[in-house]
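Trainee: Just work-v3.cif, nothing more (mmCIF, C-alpha atoms):
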```cif
data_start
loop_
_atom_site.label_atom_id
_atom_site.label_comp_id
_atom_site.auth_asym_id
_atom_site.auth_seq_id
_atom_site.Cartn_x
_atom_site.Cartn_y
_atom_site.Cartn_z
CA MET A 1361 -32.03 7.17 51.45
CA THR A 1362 -33.47 10.31 52.98
CA PRO A 1363 -31.37 13.30 52.15
CA ASP A 1364 -29.88 14.72 55.31
CA GLY A 1365 -28.64 17.92 53.73
CA SER A 1366 -25.86 18.27 56.29
CA GLY A 1367 -23.16 19.19 53.76
CA GLU A 1368 -20.37 17.91 55.97
CA PRO A 1369 -17.02 17.30 54.29
CA GLN A 1370 -16.67 13.64 53.44
CA GLY A 1371 -13.75 11.27 53.06
CA PRO A 1372 -13.52 9.28 49.83
CA ASP A 1373 -14.77 6.03 51.40
CA GLU A 1374 -17.65 7.71 52.98
CA ALA A 1375 -18.39 9.47 49.72
CA ARG A 1376 -18.56 6.20 47.86
CA ASP A 1377 -20.89 4.74 50.48
CA ARG A 1378 -23.16 7.67 50.04
CA HIS A 1379 -23.05 7.35 46.28
CA ASP A 1380 -23.97 3.72 46.58
CA GLY A 1381 -26.93 4.85 48.49
CA LEU A 1382 -27.80 7.53 45.98
CA LEU A 1383 -27.52 5.54 42.78
CA PRO A 1384 -30.55 3.30 43.37
CA GLU A 1385 -32.58 6.43 44.02
CA LEU A 1386 -31.28 7.90 40.84
CA VAL A 1387 -32.07 4.76 38.89
CA ALA A 1388 -35.57 4.69 40.32
CA HIS A 1389 -36.04 8.28 39.21
CA LEU A 1390 -34.87 7.48 35.67
CA ARG A 1391 -37.16 4.45 35.52
CA THR A 1392 -40.20 6.39 36.69
CA ASN A 1393 -39.65 9.13 34.15
CA ARG A 1394 -38.56 6.80 31.38
CA THR A 1395 -41.24 7.74 28.85
CA HIS A 1396 -40.92 11.45 29.40
CA LEU A 1397 -37.12 11.56 29.36
CA ARG A 1398 -36.86 9.30 26.37
CA GLU A 1399 -39.21 11.51 24.39
CA GLN A 1400 -37.27 14.57 25.38
CA TRP A 1401 -34.08 12.89 24.25
CA SER A 1402 -35.57 11.72 20.94
CA SER A 1403 -36.84 15.18 20.14
CA ARG A 1404 -33.44 16.67 20.88
CA ILE A 1405 -31.82 14.12 18.58
CA THR A 1406 -34.23 15.14 15.83
CA ASP A 1407 -33.70 18.87 16.54
CA ALA A 1408 -29.96 18.42 16.25
CA ARG A 1409 -30.50 16.62 12.92
CA LEU A 1410 -28.45 13.69 14.08
CA LEU A 1411 -28.94 10.21 12.67
CA SER A 1412 -30.48 11.55 9.47
CA ALA A 1413 -29.62 8.22 7.86
CA MET A 1414 -32.20 6.48 10.04
CA THR A 1415 -36.00 6.72 10.19
CA GLU A 1416 -37.72 8.21 13.22
CA ASP A 1417 -39.02 4.82 14.32
CA GLU A 1418 -35.57 3.33 14.16
CA VAL A 1419 -34.13 6.20 16.13
CA PHE A 1420 -36.82 5.71 18.76
CA THR A 1421 -36.17 1.96 19.02
CA GLU A 1422 -32.45 2.41 19.35
CA ALA A 1423 -32.95 5.29 21.76
CA THR A 1424 -35.10 3.07 23.98
CA ALA A 1425 -32.51 0.33 23.97
CA ILE A 1426 -29.71 2.76 24.75
CA TYR A 1427 -31.76 4.38 27.50
CA ASP A 1428 -32.50 1.04 29.18
CA ASN A 1429 -28.92 -0.09 28.87
CA TYR A 1430 -27.75 3.22 30.21
CA VAL A 1431 -29.95 2.96 33.29
CA GLU A 1432 -28.82 -0.61 33.78
CA VAL A 1433 -25.18 0.43 33.77
CA LEU A 1434 -25.94 3.07 36.37
CA GLU A 1435 -27.73 0.47 38.47
CA THR A 1436 -25.36 -2.48 38.28
CA GLY A 1437 -22.10 -0.74 37.46
CA SER A 1438 -21.45 -3.46 34.88
CA THR A 1439 -20.89 -2.21 31.37
CA ASP A 1440 -20.89 -5.63 29.70
CA ALA A 1441 -24.42 -5.46 28.35
CA LEU A 1442 -24.02 -1.89 27.09
CA GLN A 1443 -20.69 -2.67 25.54
CA HIS A 1444 -22.20 -5.62 23.75
CA TYR A 1445 -25.09 -3.53 22.59
CA ALA A 1446 -22.84 -0.67 21.43
CA GLN A 1447 -20.74 -3.09 19.44
CA ASP A 1448 -23.82 -4.61 17.87
CA LEU A 1449 -25.28 -1.18 17.16
CA SER A 1450 -22.07 0.02 15.53
CA GLU A 1451 -21.97 -3.08 13.33
CA ARG A 1452 -25.51 -2.36 12.23
CA ILE A 1453 -25.39 1.38 11.65
CA ILE A 1454 -21.83 2.12 10.51
CA PRO A 1455 -22.48 0.51 7.10
CA ARG A 1456 -25.46 2.87 6.77
CA GLY A 1457 -23.22 5.89 6.93
CA VAL A 1458 -23.79 6.95 10.54
CA GLU A 1459 -20.79 8.90 11.80
CA THR A 1460 -19.06 8.15 15.09
CA GLN A 1461 -19.41 11.83 15.84
CA ASP A 1462 -23.22 11.53 15.65
CA VAL A 1463 -23.26 8.62 18.02
CA VAL A 1464 -21.06 10.38 20.55
CA ASN A 1465 -23.25 13.46 20.32
CA ILE A 1466 -26.32 11.33 20.94
CA VAL A 1467 -24.89 9.75 24.04
CA LEU A 1468 -23.80 13.18 25.27
CA LEU A 1469 -27.33 14.46 24.64
CA LEU A 1470 -28.74 11.68 26.77
CA ARG A 1471 -26.22 12.51 29.48
CA ASP A 1472 -27.38 16.11 29.29
CA VAL A 1473 -31.09 15.30 29.31
CA LEU A 1474 -30.71 13.12 32.37
CA ALA A 1475 -28.52 15.65 34.14
CA ARG A 1476 -31.14 18.36 33.57
CA SER A 1477 -33.83 16.18 34.98
CA LEU A 1478 -31.67 15.63 38.04
CA PHE A 1479 -31.18 19.40 38.38
CA GLU A 1480 -34.90 19.82 38.26
CA LYS A 1481 -35.57 17.14 40.82
CA TYR A 1482 -32.98 18.22 43.36
CA ARG A 1483 -32.89 21.97 42.79
CA GLU A 1484 -34.33 22.60 46.24
CA ASP A 1485 -31.36 20.97 47.91
CA PHE A 1486 -28.10 22.12 46.43
CA THR A 1487 -25.87 19.92 48.60
CA LEU A 1488 -27.79 16.82 47.74
CA LEU A 1489 -27.72 17.78 44.06
CA ASN A 1490 -23.96 17.99 44.25
CA ARG A 1491 -23.72 14.53 45.69
CA VAL A 1492 -26.14 13.12 43.16
CA LEU A 1493 -24.04 14.60 40.38
CA ASP A 1494 -20.89 13.18 41.98
CA ALA A 1495 -22.46 9.78 41.70
CA TYR A 1496 -23.95 10.32 38.28
CA GLU A 1497 -21.20 12.01 36.33
CA PRO A 1498 -18.38 9.47 36.57
CA ALA A 1499 -20.77 6.72 35.54
CA ALA A 1500 -22.18 8.80 32.70
CA ASN A 1501 -18.71 9.74 31.48
CA ARG A 1502 -17.65 6.15 31.55
CA ILE A 1503 -20.65 5.20 29.43
CA ALA A 1504 -20.06 7.97 26.87
CA ASN A 1505 -16.42 7.02 26.69
CA MET A 1506 -17.18 3.36 26.23
CA VAL A 1507 -19.73 3.88 23.48
CA ALA A 1508 -17.34 6.15 21.60
CA VAL A 1509 -14.50 3.69 21.95
CA SER A 1510 -16.56 0.75 20.74
CA PHE A 1511 -17.63 2.75 17.70
CA VAL A 1512 -14.09 3.70 16.87
CA GLN A 1513 -13.00 0.12 17.36
CA GLU A 1514 -15.71 -1.14 15.05
CA ARG A 1515 -14.71 1.40 12.46
CA GLU A 1516 -11.09 0.39 12.73
CA ARG A 1517 -12.07 -3.25 12.42
CA VAL A 1518 -14.01 -2.47 9.24
CA ILE A 1519 -11.02 -0.57 7.85
CA ARG A 1520 -8.66 -3.42 8.67
CA ASP A 1521 -10.97 -5.95 7.03
CA GLN A 1522 -11.19 -3.80 3.94
CA GLN A 1523 -7.44 -3.35 3.78
CA ASP A 1524 -6.99 -7.09 4.02
CA ALA A 1525 -9.55 -7.62 1.30
CA ILE A 1526 -7.83 -5.11 -0.96
CA ARG A 1527 -4.48 -6.70 -0.31
CA GLU A 1528 -5.84 -10.10 -1.17
CA LEU A 1529 -7.50 -9.16 -4.37
CA SER A 1530 -4.74 -6.75 -5.00
CA THR A 1531 -3.19 -7.18 -8.36
CA PRO A 1532 -3.00 -10.24 -10.53
CA VAL A 1533 -0.03 -10.63 -12.83
CA LEU A 1534 -1.47 -12.29 -15.90
CA GLN A 1535 0.22 -13.84 -18.85
CA VAL A 1536 -1.66 -13.14 -22.09
CA ARG A 1537 0.92 -14.21 -24.64
CA GLU A 1538 4.20 -15.96 -24.38
CA ARG A 1539 6.50 -13.51 -22.58
CA LEU A 1540 3.81 -10.83 -22.25
CA LEU A 1541 2.36 -10.00 -18.85
CA ILE A 1542 -0.56 -7.74 -18.04
CA LEU A 1543 -1.07 -5.96 -14.75
CA PRO A 1544 -4.51 -4.38 -14.45
CA ILE A 1545 -4.39 -2.00 -11.49
CA ILE A 1546 -7.73 -1.14 -9.97
CA GLY A 1547 -8.23 1.19 -7.03
CA ILE A 1548 -6.02 3.50 -5.07
CA LEU A 1549 -2.33 2.91 -5.37
CA ASP A 1550 -0.74 3.75 -2.02
CA ASP A 1551 2.80 3.10 -0.98
CA PRO A 1552 2.48 -0.41 0.51
CA ARG A 1553 0.40 -1.48 -2.44
CA ALA A 1554 2.80 -0.04 -5.00
CA ARG A 1555 5.59 -1.86 -3.25
CA GLN A 1556 3.74 -5.17 -3.21
CA LEU A 1557 2.77 -4.72 -6.83
CA THR A 1558 6.35 -4.11 -7.92
CA GLU A 1559 7.56 -7.15 -6.01
CA GLN A 1560 4.88 -9.35 -7.58
CA LEU A 1561 5.64 -8.03 -11.01
CA LEU A 1562 9.39 -8.60 -10.72
CA LYS A 1563 8.83 -12.16 -9.52
CA GLY A 1564 6.35 -12.64 -12.35
CA ILE A 1565 8.91 -11.39 -14.87
CA ARG A 1566 11.39 -13.98 -13.69
CA ALA A 1567 8.84 -16.79 -13.46
CA HIS A 1568 7.34 -16.19 -16.92
CA ARG A 1569 10.56 -14.91 -18.48
CA ALA A 1570 8.57 -11.91 -19.61
CA LYS A 1571 9.98 -9.44 -22.08
CA VAL A 1572 7.10 -7.02 -22.17
CA VAL A 1573 4.83 -5.94 -19.34
CA GLU A 1574 1.70 -3.92 -19.80
CA ILE A 1575 0.47 -1.96 -16.79
CA ASP A 1576 -3.10 -0.79 -17.21
CA ILE A 1577 -4.10 2.05 -14.91
CA THR A 1578 -7.60 2.68 -16.26
CA GLY A 1579 -8.95 1.71 -12.83
CA VAL A 1580 -6.73 4.03 -10.82
CA PRO A 1581 -8.87 7.01 -9.82
CA ASP A 1582 -6.13 9.44 -8.98
CA VAL A 1583 -2.51 9.62 -9.97
CA ASN A 1584 -0.52 11.97 -7.79
CA GLU A 1585 3.19 12.55 -7.59
CA ASP A 1586 3.83 9.58 -5.31
CA VAL A 1587 1.92 7.18 -7.51
CA ALA A 1588 3.67 8.47 -10.61
CA ASN A 1589 7.05 8.09 -8.96
CA SER A 1590 6.31 4.57 -7.85
CA LEU A 1591 5.26 3.77 -11.42
CA VAL A 1592 8.57 5.15 -12.65
CA GLN A 1593 10.37 2.93 -10.14
CA THR A 1594 8.39 -0.11 -11.26
CA VAL A 1595 9.33 0.61 -14.86
CA ASP A 1596 13.01 1.05 -13.96
CA ALA A 1597 13.11 -2.15 -11.91
CA SER A 1598 11.46 -4.10 -14.73
CA LYS A 1599 14.01 -2.71 -17.13
CA LEU A 1600 16.82 -3.91 -14.89
CA MET A 1601 15.35 -7.37 -15.30
CA GLY A 1602 15.24 -6.97 -19.03
CA ALA A 1603 11.53 -6.35 -19.50
CA SER A 1604 10.11 -3.27 -21.14
CA VAL A 1605 6.96 -1.73 -19.74
CA ILE A 1606 4.01 -0.21 -21.54
CA ILE A 1607 1.65 1.96 -19.52
CA THR A 1608 -1.93 2.07 -20.74
CA GLY A 1609 -5.13 3.76 -19.66
CA LEU A 1610 -3.83 7.21 -18.79
CA SER A 1611 -6.90 9.39 -18.96
CA SER A 1612 -6.61 12.93 -20.28
CA GLU A 1613 -7.18 14.36 -16.78
CA ILE A 1614 -4.39 12.25 -15.36
CA ALA A 1615 -2.09 13.12 -18.23
CA GLN A 1616 -2.73 16.81 -17.59
CA THR A 1617 -2.16 16.40 -13.86
CA LEU A 1618 1.14 14.67 -14.47
CA VAL A 1619 2.32 17.41 -16.77
CA THR A 1620 1.20 20.07 -14.29
CA ILE A 1621 3.01 18.52 -11.32
CA GLY A 1622 6.04 17.98 -13.50
CA VAL A 1623 6.59 14.25 -13.19
CA ASP A 1624 9.04 13.06 -15.78
CA LEU A 1625 7.42 10.21 -17.65
CA SER A 1626 9.55 10.61 -20.74
CA LYS A 1627 11.22 7.27 -20.14
CA MET A 1628 7.87 5.55 -20.07
CA ASP A 1629 6.24 3.97 -23.03
CA THR A 1630 2.60 5.00 -22.84
CA VAL A 1631 -0.22 4.17 -25.19
CA GLY A 1632 -3.91 5.01 -25.08
CA ASP A 1633 -5.78 1.93 -24.01
CA LEU A 1634 -5.38 -1.73 -23.19
CA GLN A 1635 -6.04 -2.86 -26.74
CA GLU A 1636 -3.42 -0.59 -28.25
CA GLY A 1637 -1.07 -1.70 -25.53
CA ILE A 1638 -1.51 -5.34 -26.44
CA GLU A 1639 -1.00 -4.52 -30.11
CA GLU A 1640 2.16 -2.61 -29.30
CA ALA A 1641 3.40 -5.47 -27.11
CA GLU A 1642 2.70 -7.99 -29.86
CA ARG A 1643 4.69 -5.86 -32.25
CA LEU A 1644 7.62 -5.76 -29.82
CA LEU A 1645 7.44 -9.53 -29.37
CA GLY A 1646 7.05 -10.22 -33.08
CA PHE A 1647 3.50 -11.56 -32.99
CA ARG A 1648 0.98 -10.75 -35.65
CA VAL A 1649 -2.69 -11.36 -35.11
CA VAL A 1650 -4.67 -12.04 -38.29
CA ARG A 1651 -8.40 -12.33 -38.63
CA ILE A 1652 -9.58 -15.47 -40.36
CA ASP A 1653 -12.24 -14.30 -42.77
CA ASP A 1654 -14.05 -17.56 -43.36
CA VAL A 1655 -14.87 -18.14 -39.69
CA ARG A 1656 -18.41 -16.84 -40.07
CA SER A 1657 -19.27 -18.68 -43.27
CA MET B 141 39.05 -18.86 -18.18
CA SER B 142 41.06 -15.74 -17.91
CA GLY B 143 43.68 -15.48 -20.61
CA ALA B 144 45.50 -12.41 -19.35
CA ASP B 145 48.01 -12.68 -16.57
CA PRO B 146 46.33 -11.31 -13.48
CA PRO B 147 48.62 -8.71 -11.98
CA GLU B 148 47.53 -9.60 -8.45
CA SER B 149 47.42 -13.07 -6.99
CA GLY B 150 44.56 -14.66 -5.05
CA PRO B 151 41.51 -16.65 -6.07
CA LEU B 152 39.46 -15.37 -8.97
CA ARG B 153 36.07 -14.07 -8.05
CA VAL B 154 35.08 -13.52 -11.63
CA SER B 155 35.36 -15.96 -14.47
CA ILE B 156 35.55 -14.65 -18.01
CA MET B 157 34.66 -17.06 -20.79
CA SER B 158 34.66 -16.49 -24.46
CA GLN B 159 31.72 -17.56 -26.60
CA GLY B 160 32.00 -16.73 -30.28
CA SER B 161 32.57 -13.02 -30.51
CA TYR B 162 31.20 -12.44 -27.03
CA LEU B 163 32.73 -12.55 -23.59
CA ILE B 164 30.73 -13.89 -20.69
CA ALA B 165 31.83 -12.75 -17.25
CA SER B 166 30.27 -14.35 -14.19
CA ILE B 167 30.70 -12.59 -10.88
CA HIS B 168 30.68 -15.29 -8.21
CA THR B 169 30.72 -13.23 -5.07
CA ALA B 170 30.74 -9.64 -3.90
CA LEU B 171 33.73 -7.67 -5.19
CA ASP B 172 35.69 -4.98 -3.44
CA ASP B 173 37.56 -2.11 -5.11
CA ALA B 174 40.72 -4.07 -5.89
CA HIS B 175 38.80 -6.98 -7.34
CA PHE B 176 36.69 -4.74 -9.49
CA GLU B 177 39.76 -2.95 -10.79
CA ARG B 178 41.42 -6.23 -11.66
CA PHE B 179 38.25 -7.50 -13.29
CA GLN B 180 37.93 -4.33 -15.35
CA ARG B 181 41.52 -4.59 -16.56
CA ASN B 182 41.17 -8.28 -17.39
CA LEU B 183 38.00 -7.72 -19.29
CA SER B 184 39.34 -4.75 -21.21
CA ASP B 185 42.44 -6.73 -22.18
CA GLN B 186 40.43 -9.71 -23.31
CA ILE B 187 38.07 -7.62 -25.42
CA GLY B 188 41.13 -6.62 -27.42
CA GLN B 189 42.66 -10.07 -27.55
CA LYS B 190 39.48 -11.90 -28.49
CA ARG B 191 38.22 -9.06 -30.66
CA ALA B 192 34.96 -9.32 -28.73
CA ARG B 193 31.87 -7.49 -29.97
CA GLY B 194 29.85 -7.93 -26.86
CA VAL B 195 30.21 -8.56 -23.14
CA ILE B 196 27.74 -10.20 -20.82
CA ILE B 197 28.17 -9.68 -17.10
CA ASP B 198 26.21 -12.17 -15.04
CA VAL B 199 25.37 -10.89 -11.57
CA ALA B 200 22.88 -13.61 -10.62
CA ALA B 201 25.05 -14.71 -7.72
CA LEU B 202 25.09 -11.26 -6.11
CA ASP B 203 22.66 -10.63 -3.31
CA VAL B 204 23.34 -6.91 -3.21
CA LEU B 205 24.26 -4.32 -5.78
CA ASP B 206 24.96 -1.00 -4.13
CA SER B 207 25.78 2.36 -5.65
CA PHE B 208 29.50 1.57 -5.73
CA GLY B 209 28.93 -1.75 -7.50
CA SER B 210 26.57 -0.28 -10.04
CA ARG B 211 28.87 2.67 -10.76
CA THR B 212 31.68 0.22 -11.37
CA LEU B 213 29.47 -1.77 -13.74
CA ARG B 214 28.63 1.43 -15.60
CA ASP B 215 32.32 2.31 -15.86
CA LEU B 216 33.02 -1.17 -17.08
CA GLY B 217 30.37 -0.78 -19.75
CA GLN B 218 31.90 2.49 -20.89
CA VAL B 219 35.40 1.04 -21.01
CA ALA B 220 34.08 -1.91 -23.03
CA ARG B 221 32.31 0.42 -25.42
CA LEU B 222 35.52 2.39 -26.00
CA ARG B 223 37.14 -0.94 -26.83
CA GLY B 224 34.35 -1.69 -29.29
CA ALA B 225 32.05 -4.00 -27.32
CA GLU B 226 28.51 -3.52 -26.02
CA THR B 227 27.81 -4.64 -22.46
CA VAL B 228 24.71 -6.36 -21.13
CA VAL B 229 24.22 -7.03 -17.42
CA VAL B 230 22.09 -10.13 -16.83
CA GLY B 231 20.63 -12.00 -13.88
CA ILE B 232 19.59 -9.12 -11.62
CA GLN B 233 17.34 -10.69 -8.99
CA PRO B 234 13.88 -9.20 -8.30
CA GLU B 235 14.81 -8.16 -4.76
CA ILE B 236 17.94 -6.43 -5.99
CA ALA B 237 16.12 -4.67 -8.80
CA PHE B 238 13.58 -3.43 -6.30
CA ALA B 239 16.22 -2.24 -3.85
CA MET B 240 18.15 -0.49 -6.61
CA VAL B 241 15.20 1.60 -7.78
CA LYS B 242 14.27 2.38 -4.16
CA PHE B 243 17.71 3.87 -3.65
CA GLY B 244 17.71 5.55 -7.04
CA ILE B 245 20.51 3.41 -8.44
CA ASN B 246 20.48 2.61 -12.13
CA LEU B 247 22.79 1.08 -14.67
CA GLU B 248 22.15 3.39 -17.59
CA PRO B 249 23.40 3.57 -20.26
CA ILE B 250 24.35 -0.11 -20.21
CA TYR B 251 21.82 -2.72 -21.24
CA THR B 252 20.17 -5.23 -18.94
CA ALA B 253 18.51 -8.54 -19.74
CA LEU B 254 16.79 -11.29 -17.80
CA ASP B 255 19.38 -14.04 -18.16
CA LEU B 256 22.27 -15.29 -20.27
CA GLU B 257 20.04 -16.46 -23.09
CA GLU B 258 18.28 -13.12 -23.30
CA GLY B 259 21.56 -11.29 -23.04
CA LEU B 260 23.00 -13.20 -26.00
CA ALA B 261 19.86 -12.55 -28.03
CA LEU B 262 20.08 -8.85 -27.21
CA LEU B 263 23.73 -8.69 -28.29
CA ASP B 264 22.78 -10.44 -31.53
CA ARG B 265 20.12 -7.83 -32.19
CA LEU B 266 22.43 -4.95 -31.34
CA GLY B 267 25.08 -6.42 -33.64
CA ARG B 268 22.60 -6.71 -36.47
CA SER B 269 20.92 -3.33 -36.21
CA GLY B 270 23.42 -0.94 -34.68
CA ALA B 271 26.98 0.14 -35.31
CA GLY B 272 26.48 0.95 -39.00
CA SER B 273 29.59 -0.16 -40.80
CA ARG B 274 30.50 -2.87 -38.32
CA GLN B 275 30.04 -6.24 -39.88
CA HIS B 276 28.89 -8.83 -37.45
CA THR B 277 29.16 -12.47 -38.24
CA ASP B 278 27.62 -15.20 -36.11
#
```
In structure tokens, write the structure found in this file.
Mentor:
Amino acid sequence: MTPDGSGEPQGPDEARDRHDGLLPELVAHLRTNRTHLREQWSSRITDARLLSAMTEDEVFTEATAIYDNYVEVLETGSTDALQHYAQDLSERIIPRGVETQDVVNIVLLLRDVLARSLFEKYREDFTLLNRVLDAYEPAANRIANMVAVSFVQERERVIRDQQDAIRELSTPVLQVRERLLILPIIGILDDPRARQLTEQLLKGIRAHRAKVVEIDITGVPDVNEDVANSLVQTVDASKLMGASVIITGLSSEIAQTLVTIGVDLSKMDTVGDLQEGIEEAERLLGFRVVRIDDVRS
Amino acid sequence: MSGADPPESGPLRVSIMSQGSYLIASIHTALDDAHFERFQRNLSDQIGQKRARGVIIDVAALDVLDSFGSRTLRDLGQVARLRGAETVVVGIQPEIAFAMVKFGINLEPIYTALDLEEGLALLDRLGRSGAGSRQHTD
């Protein structure tokens, strides 16, 4: 364990043997200076204004856990515990709005803090410092890489779950009167969803023998060219199956946008809101709704 | 069944039936150019013979309706109109409707309806409201 400082060129096998010898020393150093280094790290996290979504105590607790896991990975070479922890951490803090970028920066900060402390410790012996860094850096890089990957994976998992959820609740095709269907669209209408919606609607038209379909887009936040075009396609396809479509819930902003981008909606039957749409549909179908005056008496 | 003498031989892929003042043509299987031409001629002849006011073309048996097929249907509709009959295409399946709009194919200006029943009802309405001086009797 004593540094020999010879600086002789080493073969790869020999180098690894030496690293194996150096890592325990390194770990011992990180353990001894745990409190000091951890504080240094925490203060740099705060200085960089990372993790602003979390309180200082929380940051400190997580920092401690990461630090200990980090040292353990350096000691044992096994990333299982850290991976598990990173996954758990990402599950906990991603919903609170912590960015992957922040987390990566934090791990890189720790890498930096520890590297500086190694510089300080071994600055007298440049050759030994080099060898220490040779042992430290690959391990540190692997850790940073792994934490980043598990965060991205968690994020992707969340996105997939949400996509599934959206698909499942997607869009009900509801019958409100004989031969009248209503399609309330809520949320963003992207291409796969527009496609699924059209398919469901066409099947619904055949199943219910619908003559009029009302598509309510009050809940669609943004109507761009693609969405407008897919609506036009839905209307055309419904027409081919003999059903006429009424679009309701076009806000004034959306109406202006559509006119500005020049989407041709002239073939579409649009009315202001859901209620007017139902009234229009009833007229087309020959229904008349009459209030019974004596109900209250 | 077909009243006109088909100029070409071979099995019929389209049956044309007469129902009141309407003709109902069912396409049983995919048609090629020659078949479509023969169908168009048959139909046009029969509109005259039967003094038909309306034509229903049932495409429920088709599993594809490409741009050629839909152009032919449009032509057919225009020929029928020149002969004094409105055309309604019925029975377009959801998958076909979806594919048609995806590829920008449409059947305008001919009418479409869900099925035979709807098609007949539509022709009744058109007969009642449109065509000014034309007297339509059920």
Trainee: Within 6 Å of chain B, which residues of chain A are there when counting all atoms listed in the file? Please give them as a list of chain:residue names.
Mentor: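 Only these qualify: A:Leu1562, A:Lys1563, A:Gln1593, A:Ala1597, A:Leu1600, A:Met1601, A:Gly1602.
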Trainee: Given the selection you just returned, output its residues as a file containing C-alpha atoms, formatted as a PDB file, in the coordinates of the input.
Mentor:
```
ATOM      1  CA  LEU A1562       9.390  -8.600 -10.720  1.00  0.00           C
ATOM      2  CA  LYS A1563       8.830 -12.160  -9.520  1.00  0.00           C
ATOM      3  CA  GLN A1593      10.370   2.930 -10.140  1.00  0.00           C
ATOM      4  CA  ALA A1597      13.110  -2.150 -11.910  1.00  0.00           C
ATOM      5  CA  LEU A1600      16.820  -3.910 -14.890  1.00  0.00           C
ATOM      6  CA  MET A1601      15.350  -7.370 -15.300  1.00  0.00           C
ATOM      7  CA  GLY A1602      15.240  -6.970 -19.030  1.00  0.00           C
TER       8      GLY A1602
END
```
Trainee: Distance CA of Leu171 (chain B)-CA of Gln186 (chain B), one decimal place?
Mentor: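 According to the coordinates, CA of Leu171 (chain B) and CA of Gln186 (chain B) are separated by 19.4 Å.
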Trainee: Tell me, in Å to one decimal, how far CA of Lys1599 (chain A) is from CA of Gly160 (chain B).
Mentor: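 These atoms are spaced 26.3 Å apart.
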Trainee: Set the distance at 12 Å and use all atoms listed in the file: which residues neighbour Ala1425 (chain A) once local chain neighbours fewer than 3 positions away are removed? I'd like the list as number ranges by chain.
Mentor: A: 1394, 1398, 1418-1422, 1428-1432, 1441-1442, 1444-1446, 1448-1449
Trainee: I'd like to know which of A:Leu1411, A:Val1467, A:Val1512, A:Val1587 is closest to Ile1548 (chain A), using all atoms listed in the file.
Mentor: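 For Ile1548 (chain A), the nearest of the candidates is A:Val1587.
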Trainee: Can you pull out the residues contacting Gly1547 (chain A)? Cut-off 12 Å, using all atoms listed in the file, and skip same-chain residues under 4 positions away; I want them as a list in words.
Mentor: Gln1523, Ile1526, Arg1527, Leu1529, Ser1530, Thr1531, Arg1553, Ala1554, Asp1576, Ile1577, Thr1578, Gly1579, Val1580, Pro1581, Asp1582, Val1583 and Val1587 of chain A
Trainee: For Leu222 (chain B), list every protein, DNA or RNA residue within 12 Å, evaluated using only C-alpha atoms, and leave out those in the same chain fewer than 6 positions away; present the list as a list in words.
Mentor: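 Within the cut-off, the hits are Ser184, Ile187, Gly188, Arg193, Gly194, Asp215 and Leu216 of chain B.
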Trainee: So, with all atoms listed in the file as the atoms that count, which of A:Phe1511, A:Phe1486, A:Tyr1496, A:Phe1647 lies closest to Pro1455 (chain A)?
Mentor: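 Answer, going by the shortest atom-to-atom distance: A:Phe1511.
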Trainee: Translate the PyMOL selection byres ((chain A and resi 1628-1632) around 6) into a concrete residue list for this structure, as number ranges by chain.
Mentor: A: 1606-1609, 1625-1627, 1633, 1637
Trainee: Export region 220-229 of chain B, N, CA and C atoms, as a PDB file, in the first residue's frame; it's the structure right above.
Mentor:
```pdb
ATOM      1  N   ALA B 220     -75.180   8.424 -64.326  1.00  0.00           N
ATOM      2  CA  ALA B 220     -76.540   8.200 -63.835  1.00  0.00           C
ATOM      3  C   ALA B 220     -77.303   9.512 -63.736  1.00  0.00           C
ATOM      4  N   ARG B 221     -76.579  10.549 -63.267  1.00  0.00           N
ATOM      5  CA  ARG B 221     -77.252  11.845 -63.124  1.00  0.00           C
ATOM      6  C   ARG B 221     -77.697  12.378 -64.491  1.00  0.00           C
ATOM      7  N   LEU B 222     -76.809  12.219 -65.497  1.00  0.00           N
ATOM      8  CA  LEU B 222     -77.176  12.664 -66.846  1.00  0.00           C
ATOM      9  C   LEU B 222     -78.396  11.909 -67.360  1.00  0.00           C
ATOM     10  N   ARG B 223     -78.564  10.683 -66.886  1.00  0.00           N
ATOM     11  CA  ARG B 223     -79.709   9.872 -67.285  1.00  0.00           C
ATOM     12  C   ARG B 223     -80.896  10.109 -66.357  1.00  0.00           C
ATOM     13  N   GLY B 224     -80.749  11.027 -65.408  1.00  0.00           N
ATOM     14  CA  GLY B 224     -81.874  11.406 -64.575  1.00  0.00           C
ATOM     15  C   GLY B 224     -82.007  10.666 -63.255  1.00  0.00           C
ATOM     16  N   ALA B 225     -80.939  10.044 -62.783  1.00  0.00           N
ATOM     17  CA  ALA B 225     -81.034   9.329 -61.501  1.00  0.00           C
ATOM     18  C   ALA B 225     -79.920   9.773 -60.551  1.00  0.00           C
ATOM     19  N   GLU B 226     -80.272   9.916 -59.272  1.00  0.00           N
ATOM     20  CA  GLU B 226     -79.263  10.219 -58.257  1.00  0.00           C
ATOM     21  C   GLU B 226     -78.619   8.917 -57.793  1.00  0.00           C
ATOM     22  N   THR B 227     -77.340   8.977 -57.416  1.00  0.00           N
ATOM     23  CA  THR B 227     -76.642   7.776 -56.982  1.00  0.00           C
ATOM     24  C   THR B 227     -76.236   7.877 -55.512  1.00  0.00           C
ATOM     25  N   VAL B 228     -76.438   6.814 -54.784  1.00  0.00           N
ATOM     26  CA  VAL B 228     -75.978   6.746 -53.401  1.00  0.00           C
ATOM     27  C   VAL B 228     -75.120   5.495 -53.260  1.00  0.00           C
ATOM     28  N   VAL B 229     -73.902   5.680 -52.753  1.00  0.00           N
ATOM     29  CA  VAL B 229     -73.039   4.523 -52.475  1.00  0.00           C
ATOM     30  C   VAL B 229     -73.263   4.129 -51.021  1.00  0.00           C
TER      31      VAL B 229
END
```
